[in-house]
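Undergrad: Structure file work_16.txt (compact mmCIF, C-alpha atoms) right here:
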```txt
# COMPACT_ATOMS: atom_id res chain seq x y z
CA MET E 806 -45.47 0.16 52.16
CA GLY E 807 -47.83 -2.04 54.13
CA LYS E 808 -49.93 -5.09 53.55
CA SER E 809 -51.45 -3.52 50.43
CA PHE E 810 -48.07 -3.96 48.75
CA TRP E 811 -48.54 -7.72 48.78
CA MET E 812 -50.74 -9.69 46.46
CA CYS E 813 -51.76 -13.31 46.62
CA LEU E 814 -50.13 -15.47 43.95
CA LEU E 815 -53.20 -17.62 43.52
CA SER E 816 -55.05 -14.73 41.89
CA LEU E 817 -52.42 -14.69 39.14
CA LEU E 818 -52.91 -18.29 38.08
CA ALA E 819 -55.67 -17.66 35.55
CA VAL E 820 -53.16 -17.98 32.70
CA SER E 821 -52.14 -21.59 32.54
CA THR E 822 -53.17 -24.45 30.30
CA PRO E 823 -55.04 -22.53 27.56
CA MET E 824 -52.10 -20.19 26.90
CA ARG E 825 -49.65 -23.09 26.96
CA ALA E 826 -51.74 -24.96 24.41
CA GLN E 827 -51.78 -21.96 22.09
CA GLN E 828 -48.02 -21.67 22.29
CA SER E 829 -47.49 -25.24 21.14
CA GLY E 830 -48.23 -24.31 17.52
CA SER E 831 -46.48 -21.84 15.24
CA PRO E 832 -46.35 -18.32 16.71
CA GLY E 833 -49.19 -16.12 15.57
CA ASN E 834 -51.00 -18.90 13.66
CA THR E 835 -54.55 -20.04 14.31
CA ALA E 836 -56.52 -22.91 12.85
CA SER E 837 -58.12 -21.81 9.57
CA SER E 838 -60.08 -25.00 8.87
CA PRO E 839 -62.16 -27.48 10.89
CA MET E 840 -59.32 -30.02 10.61
CA ALA E 841 -56.51 -28.82 12.91
CA ALA E 842 -52.96 -29.46 11.73
CA PRO E 843 -50.60 -31.52 13.89
CA ALA E 844 -48.85 -29.42 16.51
CA GLN E 845 -45.19 -28.81 15.83
CA GLN E 846 -42.53 -30.27 18.06
CA ARG E 847 -41.32 -27.45 20.31
CA PRO E 848 -37.63 -26.82 20.94
CA ILE E 849 -36.12 -27.08 24.41
CA PHE E 850 -34.14 -24.14 25.77
CA LEU E 851 -31.38 -24.63 28.32
CA ASP E 852 -29.69 -21.87 30.31
CA VAL E 853 -26.14 -23.02 30.96
CA LEU E 854 -23.56 -21.86 33.53
CA VAL E 855 -19.91 -22.71 32.89
CA THR E 856 -17.37 -22.21 35.70
CA ASP E 857 -13.68 -22.89 36.23
CA SER E 858 -12.14 -24.87 39.09
CA ALA E 859 -12.44 -21.83 41.38
CA GLY E 860 -16.16 -21.45 40.63
CA LYS E 861 -15.65 -18.34 38.47
CA LEU E 862 -17.93 -17.96 35.46
CA ILE E 863 -16.24 -18.50 32.09
CA PRO E 864 -17.32 -15.92 29.47
CA ASP E 865 -16.95 -15.63 25.70
CA LEU E 866 -17.47 -19.26 24.76
CA GLU E 867 -18.61 -19.99 21.21
CA PRO E 868 -21.24 -22.39 19.85
CA PHE E 869 -18.59 -24.86 18.71
CA ASP E 870 -17.40 -25.14 22.34
CA PHE E 871 -20.67 -26.88 23.29
CA SER E 872 -22.17 -30.27 22.57
CA VAL E 873 -25.33 -31.85 23.96
CA LEU E 874 -26.02 -35.48 24.78
CA ASP E 875 -29.63 -36.61 25.01
CA GLU E 876 -29.81 -40.10 26.48
CA ASN E 877 -26.08 -40.33 25.65
CA GLN E 878 -26.82 -39.59 21.98
CA PRO E 879 -25.55 -36.39 20.31
CA ARG E 880 -28.31 -33.85 19.82
CA LYS E 881 -27.92 -31.02 17.32
CA VAL E 882 -27.79 -27.51 18.79
CA ILE E 883 -30.22 -25.40 16.74
CA GLY E 884 -29.82 -22.14 18.64
CA PHE E 885 -27.21 -20.42 20.79
CA ARG E 886 -26.69 -17.05 22.46
CA ARG E 887 -24.62 -15.44 25.21
CA THR E 888 -26.21 -13.13 27.77
CA ASP E 889 -24.76 -10.97 30.51
CA GLY E 890 -27.26 -11.70 33.26
CA ALA E 891 -26.38 -8.52 35.11
CA VAL E 892 -27.50 -6.16 32.35
CA GLY E 893 -29.60 -8.34 30.04
CA SER E 894 -29.94 -7.93 26.28
CA LYS E 895 -32.50 -7.12 23.62
CA LEU E 896 -33.86 -10.65 23.99
CA ASP E 897 -33.53 -11.19 27.74
CA PRO E 898 -33.98 -8.80 30.66
CA PRO E 899 -31.50 -8.84 33.57
CA VAL E 900 -31.75 -11.98 35.68
CA GLU E 901 -34.43 -11.58 38.35
CA VAL E 902 -33.70 -12.77 41.89
CA ILE E 903 -36.66 -14.18 43.80
CA ILE E 904 -36.22 -14.87 47.50
CA VAL E 905 -38.82 -17.23 48.98
CA LEU E 906 -39.11 -17.10 52.76
CA ASP E 907 -40.64 -20.46 53.73
CA ALA E 908 -42.40 -20.02 57.06
CA VAL E 909 -44.56 -23.10 56.53
CA ASN E 910 -41.79 -25.66 56.98
CA LEU E 911 -39.94 -23.75 59.71
CA PRO E 912 -40.79 -22.81 63.30
CA TYR E 913 -41.69 -19.17 63.82
CA GLN E 914 -38.40 -18.24 65.50
CA ALA E 915 -36.34 -19.60 62.58
CA ALA E 916 -38.54 -17.82 60.04
CA THR E 917 -38.11 -14.55 61.95
CA ARG E 918 -34.34 -14.96 61.92
CA LEU E 919 -34.35 -15.57 58.21
CA ARG E 920 -36.36 -12.41 57.69
CA LEU E 921 -33.61 -10.48 59.47
CA GLU E 922 -31.00 -12.06 57.18
CA ILE E 923 -33.00 -11.00 54.13
CA ASP E 924 -33.11 -7.49 55.59
CA LYS E 925 -29.30 -7.45 55.79
CA PHE E 926 -29.05 -8.45 52.14
CA LEU E 927 -31.51 -5.76 51.07
CA HIS E 928 -29.64 -3.00 52.94
CA GLU E 929 -26.15 -3.80 51.64
CA ASN E 930 -24.54 -1.26 49.29
CA GLY E 931 -26.84 1.39 50.68
CA GLY E 932 -29.87 -0.51 49.43
CA HIS E 933 -28.74 -0.40 45.80
CA LEU E 934 -29.28 -3.96 44.55
CA ALA E 935 -27.33 -5.29 41.58
CA GLN E 936 -30.31 -7.27 40.25
CA PRO E 937 -34.08 -6.79 40.31
CA VAL E 938 -35.32 -8.62 43.41
CA SER E 939 -38.71 -9.97 44.45
CA ILE E 940 -39.63 -11.21 47.93
CA TYR E 941 -42.17 -14.03 48.25
CA MET E 942 -43.63 -14.83 51.68
CA PHE E 943 -44.86 -18.44 52.03
CA ALA E 944 -46.82 -18.57 55.29
CA SER E 945 -49.80 -20.37 56.75
CA GLU E 946 -52.29 -18.14 54.92
CA GLY E 947 -50.67 -18.85 51.55
CA LEU E 948 -48.09 -17.25 49.28
CA ARG E 949 -47.76 -13.48 49.12
CA VAL E 950 -45.73 -11.74 46.45
CA GLN E 951 -44.85 -8.15 45.62
CA PRO E 952 -46.36 -6.79 42.40
CA ALA E 953 -43.05 -6.15 40.62
CA PRO E 954 -39.31 -6.77 41.14
CA SER E 955 -37.21 -3.84 42.33
CA LYS E 956 -33.57 -2.79 42.71
CA ASP E 957 -34.51 -0.52 45.63
CA GLY E 958 -33.40 -2.61 48.58
CA ASN E 959 -34.47 0.00 51.11
CA ALA E 960 -38.04 0.01 49.78
CA LEU E 961 -38.10 -3.79 49.79
CA ALA E 962 -36.78 -3.83 53.36
CA ALA E 963 -39.52 -1.42 54.43
CA MET E 964 -42.09 -3.71 52.83
CA LEU E 965 -40.54 -6.66 54.64
CA ASP E 966 -40.69 -4.83 57.97
CA ALA E 967 -44.35 -4.04 57.36
CA SER E 968 -45.03 -7.76 57.03
CA THR E 969 -44.13 -8.33 60.71
CA GLY E 970 -46.94 -10.23 62.30
CA THR E 971 -48.10 -11.83 59.04
CA VAL E 972 -45.35 -14.46 58.83
CA ARG E 973 -46.65 -17.44 60.72
CA ALA E 974 -45.52 -21.02 60.40
CA ARG E 975 -48.09 -23.75 59.98
CA ASP E 976 -49.07 -25.70 63.08
CA ILE E 977 -47.04 -28.91 62.93
CA SER E 978 -48.68 -30.60 65.92
CA GLY E 979 -51.16 -32.54 63.80
CA GLY E 980 -48.96 -35.58 63.19
CA VAL E 981 -48.95 -37.31 59.80
CA TYR E 982 -51.96 -35.32 58.58
CA SER E 983 -50.10 -32.07 59.23
CA LEU E 984 -47.02 -33.39 57.39
CA GLN E 985 -49.14 -34.32 54.40
CA GLU E 986 -50.77 -30.88 54.45
CA GLN E 987 -47.33 -29.24 54.56
CA PHE E 988 -46.19 -31.24 51.56
CA GLN E 989 -49.33 -30.56 49.53
CA SER E 990 -49.26 -26.84 50.30
CA SER E 991 -45.55 -26.61 49.45
CA TYR E 992 -45.94 -28.50 46.17
CA LYS E 993 -48.83 -26.29 45.08
CA THR E 994 -46.79 -23.22 45.96
CA ILE E 995 -43.66 -24.07 43.99
CA ASP E 996 -45.82 -25.33 41.11
CA GLY E 997 -47.70 -22.01 41.14
CA ILE E 998 -44.45 -20.04 41.22
CA ALA E 999 -43.13 -21.96 38.21
CA GLU E 1000 -46.41 -21.51 36.34
CA ASN E 1001 -46.41 -17.76 36.89
CA LEU E 1002 -42.75 -17.24 36.05
CA SER E 1003 -43.15 -19.25 32.84
CA HIS E 1004 -45.11 -16.28 31.49
CA LYS E 1005 -42.33 -13.79 32.24
CA PRO E 1006 -39.32 -13.39 29.93
CA GLY E 1007 -35.77 -14.05 30.98
CA ARG E 1008 -33.91 -16.23 33.41
CA LYS E 1009 -34.76 -16.27 37.11
CA VAL E 1010 -32.77 -17.23 40.19
CA VAL E 1011 -35.13 -18.54 42.89
CA ILE E 1012 -33.55 -18.74 46.35
CA TRP E 1013 -35.68 -20.85 48.70
CA LEU E 1014 -34.93 -20.14 52.38
CA GLY E 1015 -35.86 -23.13 54.51
CA PRO E 1016 -35.28 -26.87 54.82
CA GLY E 1017 -37.93 -27.80 52.28
CA TRP E 1018 -41.10 -29.78 52.74
CA PRO E 1019 -41.50 -33.21 54.38
CA LEU E 1020 -40.37 -36.09 52.17
CA LEU E 1021 -43.14 -38.37 53.50
CA THR E 1022 -40.86 -41.39 53.39
CA GLU E 1023 -43.20 -43.57 55.46
CA ARG E 1024 -44.71 -46.25 53.24
CA PHE E 1025 -48.34 -45.46 54.02
CA PHE E 1026 -48.11 -42.11 52.20
CA ILE E 1027 -48.14 -43.97 48.86
CA GLN E 1028 -50.65 -46.80 49.10
CA THR E 1029 -51.64 -47.63 45.53
CA ASP E 1030 -50.34 -47.66 41.98
CA VAL E 1031 -52.81 -44.85 41.29
CA SER E 1032 -51.10 -42.71 43.92
CA ARG E 1033 -47.70 -43.37 42.40
CA GLU E 1034 -48.94 -42.43 38.96
CA THR E 1035 -50.41 -39.18 40.28
CA TYR E 1036 -47.10 -38.18 41.86
CA PHE E 1037 -45.18 -39.25 38.75
CA ARG E 1038 -47.33 -37.02 36.52
CA GLN E 1039 -46.86 -34.18 38.99
CA ILE E 1040 -43.07 -34.38 39.10
CA ALA E 1041 -42.87 -34.64 35.30
CA ALA E 1042 -45.03 -31.55 34.90
CA LEU E 1043 -43.20 -29.61 37.63
CA GLN E 1044 -39.70 -30.28 36.31
CA ASN E 1045 -40.77 -29.23 32.83
CA LYS E 1046 -42.40 -26.08 34.22
CA LEU E 1047 -39.25 -25.11 36.09
CA ARG E 1048 -37.23 -25.49 32.90
CA GLU E 1049 -39.75 -23.63 30.74
CA ALA E 1050 -39.88 -20.82 33.33
CA ARG E 1051 -36.06 -20.66 33.10
CA ILE E 1052 -35.71 -21.07 36.87
CA THR E 1053 -32.41 -21.90 38.52
CA LEU E 1054 -33.40 -23.03 42.01
CA TYR E 1055 -31.20 -22.69 45.09
CA SER E 1056 -31.90 -24.35 48.44
CA LEU E 1057 -30.62 -22.61 51.58
CA PHE E 1058 -30.98 -24.02 55.10
CA ALA E 1059 -29.96 -21.69 57.87
CA ILE E 1060 -29.14 -23.88 60.87
CA SER E 1061 -25.39 -24.50 61.06
CA GLY E 1062 -24.39 -27.95 62.26
CA ILE E 1063 -27.60 -29.62 61.08
CA THR E 1064 -27.22 -31.39 57.76
CA ASN E 1065 -30.14 -32.86 55.84
CA THR E 1066 -28.82 -35.45 53.41
CA LEU E 1067 -31.93 -37.63 53.18
CA TYR E 1068 -32.71 -36.12 49.76
CA GLU E 1069 -29.51 -37.60 48.29
CA LYS E 1070 -31.08 -41.04 47.91
CA TYR E 1071 -33.68 -39.50 45.57
CA LEU E 1072 -31.35 -37.75 43.12
CA LYS E 1073 -31.67 -40.44 40.48
CA PRO E 1074 -34.31 -39.34 37.93
CA VAL E 1075 -37.63 -41.14 37.93
CA ARG E 1076 -38.30 -42.92 34.65
CA GLU E 1077 -41.15 -45.27 35.64
CA VAL E 1078 -44.31 -44.91 37.68
CA ARG E 1079 -43.52 -47.97 39.77
CA LYS E 1080 -40.29 -46.38 41.03
CA MET E 1081 -41.91 -43.11 42.08
CA GLU E 1082 -41.44 -41.95 45.67
CA ILE E 1083 -42.60 -38.68 47.21
CA GLY E 1084 -39.00 -37.99 48.19
CA ASP E 1085 -38.24 -37.61 44.48
CA MET E 1086 -40.07 -34.27 44.74
CA ALA E 1087 -37.82 -32.88 47.49
CA LEU E 1088 -36.80 -29.22 47.26
CA GLN E 1089 -33.11 -30.13 47.11
CA VAL E 1090 -33.68 -32.67 44.33
CA LEU E 1091 -35.55 -30.09 42.25
CA ALA E 1092 -32.79 -27.54 42.86
CA LEU E 1093 -29.99 -29.80 41.64
CA HIS E 1094 -31.99 -30.96 38.63
CA SER E 1095 -32.59 -27.31 37.65
CA GLY E 1096 -28.87 -26.58 37.54
CA GLY E 1097 -28.95 -24.85 40.91
CA ARG E 1098 -27.24 -25.69 44.17
CA VAL E 1099 -27.94 -26.97 47.68
CA LEU E 1100 -25.87 -24.80 49.98
CA ASP E 1101 -24.37 -26.19 53.17
CA PRO E 1102 -26.10 -25.06 56.37
CA SER E 1103 -24.71 -21.78 57.68
CA ASN E 1104 -25.56 -19.15 60.25
CA ASP E 1105 -24.57 -16.45 57.74
CA VAL E 1106 -27.56 -16.62 55.43
CA LYS E 1107 -26.87 -13.18 54.00
CA ALA E 1108 -23.50 -14.49 52.72
CA GLN E 1109 -25.27 -17.50 51.23
CA ILE E 1110 -27.69 -15.24 49.35
CA ASP E 1111 -24.70 -13.20 48.13
CA SER E 1112 -23.11 -16.44 46.90
CA CYS E 1113 -26.18 -17.31 44.84
CA VAL E 1114 -26.51 -13.80 43.39
CA GLY E 1115 -22.77 -13.80 42.68
CA GLU E 1116 -23.34 -16.54 40.09
CA ILE E 1117 -25.30 -14.11 37.94
CA GLY E 1118 -23.02 -13.14 35.09
CA GLU E 1119 -22.54 -14.36 31.57
CA TYR E 1120 -24.56 -17.46 30.79
CA TYR E 1121 -25.41 -19.34 27.62
CA THR E 1122 -28.77 -20.34 26.19
CA ILE E 1123 -28.85 -23.43 23.99
CA ALA E 1124 -31.81 -24.63 21.94
CA LEU E 1125 -32.31 -28.20 20.77
CA MET E 1126 -35.17 -30.13 19.23
CA PRO E 1127 -36.26 -33.18 21.22
CA PRO E 1128 -36.87 -36.46 19.38
CA PRO E 1129 -40.39 -37.80 18.94
CA ALA E 1130 -41.68 -39.32 22.18
CA ALA E 1131 -43.04 -42.85 22.22
CA LYS E 1132 -45.17 -42.24 25.31
CA ALA E 1133 -46.29 -39.54 27.70
CA ASP E 1134 -43.77 -38.32 30.29
CA GLU E 1135 -40.86 -40.10 28.65
CA TYR E 1136 -37.77 -39.09 30.62
CA HIS E 1137 -34.63 -37.97 28.78
CA ASP E 1138 -31.29 -37.46 30.47
CA LEU E 1139 -29.38 -34.38 29.32
CA LYS E 1140 -25.69 -33.55 29.46
CA VAL E 1141 -24.07 -30.39 28.13
CA VAL E 1142 -20.36 -30.79 27.44
CA VAL E 1143 -17.87 -27.94 26.98
CA ASN E 1144 -14.59 -28.72 25.21
CA LYS E 1145 -12.44 -26.87 27.74
CA PRO E 1146 -10.37 -28.61 30.43
CA GLY E 1147 -11.26 -28.28 34.09
CA VAL E 1148 -14.65 -26.66 33.66
CA ALA E 1149 -17.94 -27.42 35.40
CA VAL E 1150 -21.25 -27.15 33.56
CA ARG E 1151 -24.60 -26.63 35.29
CA THR E 1152 -27.96 -26.73 33.57
CA ASP E 1153 -31.15 -28.80 33.63
CA THR E 1154 -30.25 -32.44 34.02
CA GLY E 1155 -33.15 -33.78 31.98
CA TYR E 1156 -36.70 -33.33 30.72
CA TYR E 1157 -39.91 -35.28 30.30
CA ASN E 1158 -40.74 -35.60 26.64
CA GLU E 1159 -44.32 -35.67 25.36
CA PRO E 1160 -45.81 -37.05 22.14
CA THR E 1161 -46.74 -34.41 19.57
CA ALA E 1162 -50.41 -33.64 20.12
CA ARG E 1163 -52.96 -33.03 17.38
```
Written as structure tokens, that's how I'd like the structure from this file.

TA:
Amino acid sequence: MGKSFWMCLLSLLAVSTPMRAQQSGSPGNTASSPMAAPAQQRPIFLDVLVTDSAGKLIPDLEPFDFSVLDENQPRKVIGFRRTDGAVGSKLDPPVEVIIVLDAVNLPYQAATRLRLEIDKFLHENGGHLAQPVSIYMFASEGLRVQPAPSKDGNALAAMLDASTGTVRARDISGGVYSLQEQFQSSYKTIDGIAENLSHKPGRKVVIWLGPGWPLLTERFFIQTDVSRETYFRQIAALQNKLREARITLYSLFAISGITNTLYEKYLKPVREVRKMEIGDMALQVLALHSGGRVLDPSNDVKAQIDSCVGEIGEYYTIALMPPPAAKADEYHDLKVVVNKPGVAVRTDTGYYNEPTAR
């Protein structure tokens, strides 16, 4: 397998807004008169992981074990199912693992080392992978993806080896303009990934290898209220896309001894345009808000990947109907509670509600 095995993600982005608009109404219905009926409020689906104090997944919970708080108010659960992510079900395929190698926000040497760690993961167990895996290469020329996920780790490793020479980090010598370009390219990439995966069934585990994009904390990166509003609309749309795509995002940084905690000051959800900062769109912030994790820096990246994949087991999908929204991009905090002692619950931490369109 050589370069022909890769395809550019941008070519797949033809299905976006029109399809999403069609899905907002009743399935299979089309307008039969010049006066279109009001669109129905769409339910929200949450994939939920429940673990014990040792981090082990807790199976066999029942609907009555769960309750949902929306802005601290009880919200009725209108749908519930259990799924074994390893094997899937009639409704959901096995959980897909997507490994994103970020060579844009890393120097070339670090990106090369990460590629070797991915190779170790692909070759374990004789190349027989437990889950379908896709490799995405985010480099200076854009995002490259394989056409279909595979459990054949040896074939994926051969494809990865064939990519040698194509993984190049972006030139970061251009000062603030280069940082802004890195951020914009990274945002478009993760937004495109979420858009594409929203059209595929099932839950996905996206493991992003790299420190994430620049947070652009310097004040001159947001100069006007218009700029703040643009970023606010973007983060609202992106967080909703990640949830609708059923993505659990993991952030892995490979340099042991170097800890990036700057993102922690941006973990509070953004409810108003005037409080928007570009740091609110950090990779680590998105990961935690998706129900994923930010793993501590380690030199054993293969073990980190194993840790993320090891969380694929029985999970729960809950459906609830959001209340009517009073305005566009109205943020709602979510909390899923399980009536068992000593458990931890991870899922999406909130959503941006939208008024029902006509």

Undergrad: Name the residues in contact with Ala915 (chain E) at a cut-off of 12 Å, using all atoms listed in the file, excluding same-chain residues fewer than 2 positions from it; report them as a list in words.

TA: Leu906, Asp907, Ala908, Val909, Asn910, Leu911, Pro912, Tyr913, Thr917, Arg918, Leu919, Arg920, Leu921, Glu922, Val972, Arg973, Ala974, Leu1014, Gly1015, Pro1016, Phe1058, Ala1059, Ile1060, Asn1104 and Val1106 of chain E

Undergrad: With distances taken over only C-alpha atoms, which residue among E:Ala967, E:Phe850, E:Arg887, E:Gly947 lies nearest Glu867 (chain E)?

TA: E:Arg887

Undergrad: If the box runs along x, y and z of the file and leaves 6 Å on each side of region 1049-1053 of chain E, what are its centre and edge lengths in Å, one decimal, as JSON?

TA:
```
{"center_x": -36.1, "center_y": -22.1, "center_z": 34.6, "size_x": 19.5, "size_y": 15.0, "size_z": 19.8}
```

Undergrad: Could you state the separation of CA of Val853 (chain E) and CA of Ala935 (chain E) in Å, given to one decimal place?

TA: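 Result for CA of Val853 (chain E) versus CA of Ala935 (chain E): 20.7 Å, one decimal.
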
Undergrad: Using only C-alpha atoms, find the one residue out of E:Val1099, E:Ala1133, E:Leu1047, E:Val1114 that sits nearest to Val902 (chain E).

TA: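 Between E:Val1099, E:Ala1133, E:Leu1047, E:Val1114, the residue approaching Val902 (chain E) most closely is E:Val1114.
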
Undergrad: Could you tell me which of E:Glu1077, E:Thr1154, E:Ala1130, E:Lys1005 comes closest to Arg1038 (chain E) if we count all atoms listed in the file?

TA: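 Using all atoms listed in the file, the shortest distance to Arg1038 (chain E) belongs to E:Glu1077.
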
Undergrad: Which distance in Å separates CA of Leu961 (chain E) and CA of Leu927 (chain E), to one decimal?

TA: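 Going from CA of Leu961 (chain E) over to CA of Leu927 (chain E) covers 7.0 Å.
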
Undergrad: From the list E:Asp924, E:Glu1034, E:Asp1111, E:Glu1000, which residue is nearest Ala963 (chain E) when using only C-alpha atoms?

TA: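 Distance minimum relative to Ala963 (chain E) lands on E:Asp924.
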
Undergrad: Have a look at CA of Ile1110 (chain E) and CA of Val1010 (chain E) and let me know their distance in Å, one decimal.

TA: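 Result for CA of Ile1110 (chain E) versus CA of Val1010 (chain E): 10.7 Å, one decimal.
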
Undergrad: Residues at most 9 Å from Leu1088 (chain E), counting all atoms listed in the file, excluding those fewer than 5 positions away in the same chain, as a PyMOL selection string?

TA: chain E and resi 1013+1016-1018+1054-1056+1068+1093

Undergrad: Nearest residue to Gln878 (chain E) out of E:Lys1145, E:Arg1151, E:Lys1140, E:Lys1009, using all atoms listed in the file?

TA: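 Smallest separation from Gln878 (chain E) among the options: E:Lys1140.
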
Undergrad: Please determine, counting only C-alpha atoms, which residue among E:Leu1139, E:Ala960, E:Leu1043, E:Ala953 has the shortest atom-to-atom distance to Gly997 (chain E).

TA: E:Leu1043

Undergrad: Which residues come within 6 Å of region 1115-1118 of chain E, counting only C-alpha atoms, excluding same-chain residues fewer than 5 positions away, as a ChimeraX atom specification?

TA: /E:889-891

Undergrad: What would the file look like if the residues just selected were written as a JSON list (two decimals), keeping the file's coordinate frame with C-alpha atoms?

TA:
```json
[["chain", "number", "residue", "atom", "x", "y", "z"],
["E", 889, "ASP", "CA", -24.76, -10.97, 30.51],
["E", 890, "GLY", "CA", -27.26, -11.70, 33.26],
["E", 891, "ALA", "CA", -26.38, -8.52, 35.11]]
```

Undergrad: How would region 990-1009 of chain E look with N, CA and C atoms restored, written as a short mmCIF file (atom, residue, chain, number, x, y, z; two decimals), in the coordinates of the input?

TA:
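File selection21.cif, as written:
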```cif
data_model
loop_
_atom_site.label_atom_id
_atom_site.label_comp_id
_atom_site.auth_asym_id
_atom_site.auth_seq_id
_atom_site.Cartn_x
_atom_site.Cartn_y
_atom_site.Cartn_z
N SER E 990 -49.30 -28.29 50.41
CA SER E 990 -49.26 -26.84 50.30
C SER E 990 -47.97 -26.37 49.65
N SER E 991 -46.85 -26.99 50.01
CA SER E 991 -45.55 -26.61 49.45
C SER E 991 -45.48 -26.93 47.97
N TYR E 992 -45.96 -28.12 47.59
CA TYR E 992 -45.94 -28.50 46.17
C TYR E 992 -46.78 -27.52 45.35
N LYS E 993 -47.98 -27.21 45.82
CA LYS E 993 -48.83 -26.29 45.08
C LYS E 993 -48.17 -24.92 44.95
N THR E 994 -47.43 -24.53 45.98
CA THR E 994 -46.79 -23.22 45.96
C THR E 994 -45.67 -23.16 44.94
N ILE E 995 -44.77 -24.12 44.95
CA ILE E 995 -43.66 -24.07 43.99
C ILE E 995 -44.18 -24.31 42.57
N ASP E 996 -45.22 -25.13 42.42
CA ASP E 996 -45.82 -25.33 41.11
C ASP E 996 -46.44 -24.02 40.61
N GLY E 997 -47.11 -23.28 41.51
CA GLY E 997 -47.70 -22.01 41.14
C GLY E 997 -46.65 -20.97 40.79
N ILE E 998 -45.54 -20.96 41.53
CA ILE E 998 -44.45 -20.04 41.22
C ILE E 998 -43.91 -20.33 39.82
N ALA E 999 -43.65 -21.60 39.52
CA ALA E 999 -43.13 -21.96 38.21
C ALA E 999 -44.12 -21.60 37.10
N GLU E 1000 -45.39 -21.84 37.34
CA GLU E 1000 -46.41 -21.51 36.34
C GLU E 1000 -46.43 -20.02 36.04
N ASN E 1001 -46.40 -19.20 37.08
CA ASN E 1001 -46.41 -17.76 36.89
C ASN E 1001 -45.16 -17.26 36.18
N LEU E 1002 -44.00 -17.73 36.62
CA LEU E 1002 -42.75 -17.24 36.05
C LEU E 1002 -42.55 -17.73 34.62
N SER E 1003 -43.27 -18.78 34.22
CA SER E 1003 -43.15 -19.25 32.84
C SER E 1003 -43.73 -18.25 31.86
N HIS E 1004 -44.52 -17.30 32.35
CA HIS E 1004 -45.11 -16.28 31.49
C HIS E 1004 -44.34 -14.96 31.54
N LYS E 1005 -43.19 -14.97 32.21
CA LYS E 1005 -42.33 -13.79 32.24
C LYS E 1005 -41.05 -14.09 31.47
N PRO E 1006 -40.54 -13.13 30.70
CA PRO E 1006 -39.32 -13.39 29.93
C PRO E 1006 -38.10 -13.44 30.83
N GLY E 1007 -37.05 -14.07 30.31
CA GLY E 1007 -35.77 -14.05 30.98
C GLY E 1007 -35.56 -15.17 31.98
N ARG E 1008 -34.32 -15.23 32.42
CA ARG E 1008 -33.91 -16.23 33.41
C ARG E 1008 -34.18 -15.71 34.81
N LYS E 1009 -34.49 -16.64 35.73
CA LYS E 1009 -34.76 -16.27 37.11
C LYS E 1009 -33.95 -17.13 38.07
#
```
